[in-house]
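Text of target_21.cif (mmCIF, C-alpha atoms) as supplied:
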```
data_upload
loop_
_atom_site.label_atom_id
_atom_site.label_comp_id
_atom_site.auth_asym_id
_atom_site.auth_seq_id
_atom_site.Cartn_x
_atom_site.Cartn_y
_atom_site.Cartn_z
CA MET D 110 -73.92 -26.95 237.99
CA PRO D 111 -75.25 -23.44 237.76
CA LEU D 112 -73.11 -21.18 239.92
CA TYR D 113 -74.48 -17.71 240.49
CA THR D 114 -72.10 -15.10 241.89
CA ILE D 115 -73.78 -11.88 242.97
CA THR D 116 -71.55 -8.95 243.86
CA THR D 117 -72.96 -5.88 245.59
CA GLN D 118 -71.82 -2.96 247.65
CA ALA D 119 -71.91 -3.73 251.39
CA GLY D 120 -75.36 -3.15 252.83
CA VAL D 121 -77.33 -3.38 249.58
CA LEU D 122 -78.69 -6.82 250.49
CA ASP D 123 -79.14 -7.84 254.12
CA GLY D 124 -79.35 -11.48 255.22
CA PRO D 125 -83.09 -11.91 254.58
CA ALA D 126 -82.81 -10.20 251.17
CA LYS D 127 -79.96 -12.54 250.19
CA SER D 128 -81.99 -15.57 251.27
CA ASP D 129 -85.01 -14.34 249.32
CA LEU D 130 -82.98 -13.69 246.17
CA ALA D 131 -81.25 -17.07 246.51
CA GLU D 132 -84.62 -18.81 246.77
CA LYS D 133 -85.94 -16.95 243.72
CA LEU D 134 -82.83 -17.67 241.65
CA THR D 135 -82.95 -21.35 242.61
CA ALA D 136 -86.65 -21.68 241.75
CA PHE D 137 -86.15 -19.80 238.47
CA HIS D 138 -83.17 -21.90 237.39
CA ALA D 139 -84.76 -25.22 238.33
CA GLU D 140 -87.86 -24.36 236.31
CA TYR D 141 -86.14 -22.67 233.36
CA ALA D 142 -83.33 -25.19 232.90
CA ALA D 143 -85.35 -28.22 234.06
CA VAL D 144 -82.71 -29.24 236.59
CA PRO D 145 -82.99 -30.23 240.25
CA LYS D 146 -82.95 -27.34 242.74
CA ASN D 147 -79.93 -28.83 244.50
CA TRP D 148 -77.86 -28.16 241.38
CA ALA D 149 -78.16 -24.38 241.84
CA HIS D 150 -75.39 -22.73 243.84
CA ILE D 151 -75.43 -19.06 244.80
CA VAL D 152 -72.58 -17.06 246.35
CA PHE D 153 -72.79 -13.45 247.45
CA HIS D 154 -69.78 -11.14 247.53
CA GLU D 155 -69.75 -7.63 248.94
CA TYR D 156 -67.31 -4.81 248.36
CA PRO D 157 -66.77 -1.75 250.60
CA ILE D 158 -68.71 1.47 250.00
CA GLY D 159 -66.74 3.60 247.56
CA SER D 160 -65.20 0.61 245.77
CA GLY D 161 -67.82 0.22 243.03
CA PHE D 162 -67.94 2.41 239.93
CA THR D 163 -70.16 2.97 236.91
CA ALA D 164 -69.07 5.34 234.13
CA GLY D 165 -66.06 6.31 236.22
CA ARG D 166 -68.19 7.50 239.13
CA SER D 167 -68.58 5.83 242.51
CA SER D 168 -71.83 3.86 242.56
CA PRO D 169 -73.35 0.77 244.19
CA THR D 170 -72.93 -1.32 241.04
CA VAL D 171 -74.53 -4.79 241.11
CA ALA D 172 -73.00 -7.68 239.16
CA LEU D 173 -74.32 -11.18 238.56
CA THR D 174 -72.18 -13.80 236.85
CA LEU D 175 -73.69 -17.17 235.98
CA LEU D 176 -71.54 -20.20 235.19
CA ILE D 177 -73.42 -22.88 233.23
CA ARG D 178 -72.65 -25.84 231.00
CA THR D 179 -72.32 -25.17 227.27
CA GLY D 180 -75.05 -26.34 224.94
CA ARG D 181 -77.86 -23.82 225.33
CA SER D 182 -79.01 -21.70 222.41
CA ALA D 183 -78.40 -17.95 222.16
CA ASP D 184 -82.18 -17.35 222.43
CA TYR D 185 -82.33 -19.44 225.60
CA LYS D 186 -79.52 -17.40 227.18
CA ARG D 187 -80.98 -14.04 226.08
CA GLU D 188 -84.34 -14.87 227.67
CA MET D 189 -82.58 -16.15 230.77
CA LEU D 190 -80.67 -12.87 231.11
CA LYS D 191 -83.87 -10.83 230.79
CA ARG D 192 -85.54 -12.80 233.55
CA LEU D 193 -82.47 -12.67 235.77
CA TRP D 194 -82.25 -8.91 235.25
CA SER D 195 -85.77 -8.52 236.64
CA LEU D 196 -84.95 -10.63 239.71
CA VAL D 197 -81.74 -8.72 240.45
CA GLN D 198 -83.31 -5.32 239.91
CA ALA D 199 -86.29 -6.16 242.14
CA ALA D 200 -83.98 -7.43 244.90
CA THR D 201 -81.52 -4.53 244.84
CA GLY D 202 -83.53 -1.58 243.58
CA ALA D 203 -80.56 -0.66 241.38
CA PRO D 204 -81.18 1.41 238.25
CA ASP D 205 -80.40 -0.15 234.85
CA GLU D 206 -77.11 1.70 234.50
CA GLU D 207 -75.78 0.13 237.72
CA ILE D 208 -76.51 -3.53 236.90
CA VAL D 209 -74.36 -5.88 234.85
CA LEU D 210 -75.06 -9.57 234.15
CA GLY D 211 -72.96 -12.12 232.35
CA VAL D 212 -73.13 -15.79 231.42
CA GLN D 213 -69.97 -17.87 231.33
CA GLU D 214 -70.01 -21.37 229.89
CA VAL D 215 -67.94 -24.44 230.56
CA PRO D 216 -68.02 -27.76 228.66
CA SER D 217 -69.86 -30.48 230.61
CA SER D 218 -66.69 -32.58 230.57
CA GLN D 219 -65.01 -29.84 232.63
CA ALA D 220 -67.63 -29.61 235.38
CA MET D 221 -68.56 -31.81 238.32
CA GLU D 222 -71.63 -31.96 240.53
CA MET D 223 -72.10 -34.33 243.48
CA GLY D 224 -68.84 -36.09 242.60
CA GLN D 225 -69.87 -36.83 239.00
CA ILE D 226 -68.78 -35.31 235.68
CA MET D 227 -71.77 -33.36 234.37
CA PRO D 228 -73.81 -34.74 231.46
CA ASP D 229 -74.08 -32.83 228.19
CA VAL D 230 -76.95 -30.40 227.76
CA ALA D 231 -79.47 -30.92 224.97
CA SER D 232 -79.69 -27.76 222.84
CA SER D 233 -82.64 -25.56 223.63
#
```
Go ahead and express the file in the form of structure tokens.
Amino acid sequence: MPLYTITTQAGVLDGPAKSDLAEKLTAFHAEYAAVPKNWAHIVFHEYPIGSGFTAGRSSPTVALTLLIRTGRSADYKREMLKRLWSLVQAATGAPDEEIVLGVQEVPSSQAMEMGQIMPDVASS
């Protein structure tokens, strides 16, 4: 179920860097959430140079949005964000002020994986 969407300015991540980050995100999520690796999905989007802004100024802003099932504790999600921040920053070299991460949640009954409605998550 986890769907990672990473948005960067064109040229920030080349093909090998995307593959490396995708492998690291998959390994992290499988270990952290105790789910199979084949549940992790990662999509990269790029925007043209000059189309990203931070504080009203043109910048190569990096955004990661993670869609997960509801049911995880606030502490779980805070720690997850910290670890994801490190992975994104290492991959992109972006300074703190040019990175934004967010977690979006969907009830298990409103998500499907491999043709099946997703099971509920035990609180952690």
Written as a PyMOL selection string, which residues does the PyMOL selection byres ((chain D and resi 217) around 7) give for the file shown?
chain D and resi 178-179+215-216+218-220+227-229
Please, what distance in Å, to one decimal, runs between atom CA of Gly180 of chain D and atom CA of Glu214 of chain D?
8.6 Å
Pull the neighbourhood of (-80.7, -6.3, 239.4) for me: all residues within 9 Å in file coordinates, counting all atoms listed in the file, as a ChimeraX atom specification.
/D:171-173,193-205,207-210
Would you compute the distance between atom CA of Ile115 of chain D and atom CA of Gln225 of chain D? Give it in Å to one decimal.
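The value is 25.6 Å.
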Hey, what comes out of the PyMOL selection byres ((chain D and resi 123-135) around 9) on this file? Could you write it as a list of chain:residue names?
D:Tyr113, D:Ala119, D:Gly120, D:Val121, D:Leu122, D:Ala136, D:Phe137, D:His138, D:Ala139, D:Glu140, D:Lys146, D:Asn147, D:Trp148, D:Ala149, D:His150, D:Ile151, D:Val152, D:Phe153, D:Leu193, D:Leu196, D:Val197, D:Ala200, D:Thr201
Could you take the residues named above and write them with C-alpha atoms, as a compact mmCIF listing (two decimals), keeping the file's coordinate frame?
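The file below, result-v9.txt, is the result:
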```txt
# COMPACT_ATOMS: atom_id res chain seq x y z
CA TYR D 113 -74.48 -17.71 240.49
CA ALA D 119 -71.91 -3.73 251.39
CA GLY D 120 -75.36 -3.15 252.83
CA VAL D 121 -77.33 -3.38 249.58
CA LEU D 122 -78.69 -6.82 250.49
CA ALA D 136 -86.65 -21.68 241.75
CA PHE D 137 -86.15 -19.80 238.47
CA HIS D 138 -83.17 -21.90 237.39
CA ALA D 139 -84.76 -25.22 238.33
CA GLU D 140 -87.86 -24.36 236.31
CA LYS D 146 -82.95 -27.34 242.74
CA ASN D 147 -79.93 -28.83 244.50
CA TRP D 148 -77.86 -28.16 241.38
CA ALA D 149 -78.16 -24.38 241.84
CA HIS D 150 -75.39 -22.73 243.84
CA ILE D 151 -75.43 -19.06 244.80
CA VAL D 152 -72.58 -17.06 246.35
CA PHE D 153 -72.79 -13.45 247.45
CA LEU D 193 -82.47 -12.67 235.77
CA LEU D 196 -84.95 -10.63 239.71
CA VAL D 197 -81.74 -8.72 240.45
CA ALA D 200 -83.98 -7.43 244.90
CA THR D 201 -81.52 -4.53 244.84
```
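Across the model, the gap from atom CA of Met223 of chain D to atom CA of Gly211 of chain D is 24.9 Å.
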So, with only C-alpha atoms as the atoms that count, which of D:Thr117, D:Ser182, D:Thr174, D:Ser160 lies closest to Gln213 of chain D?
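Nearest candidate to Gln213 of chain D out of D:Thr117, D:Ser182, D:Thr174, D:Ser160: D:Thr174.
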Among the residues D:Gly224, D:Gln118, D:Pro145, D:Glu155, the one that comes closest to Ser167 of chain D [using only C-alpha atoms]
D:Gln118
Take every atom of segment 184-199 of chain D listed in the file, pad by 6 Å on each side, and give me the axis-aligned box centre and edge lengths in Å, one decimal, as AutoDock Vina command-line options.
```
--center_x -82.9 --center_y -12.4 --center_z 232.3 --size_x 18.8 --size_y 26.1 --size_z 31.7
```
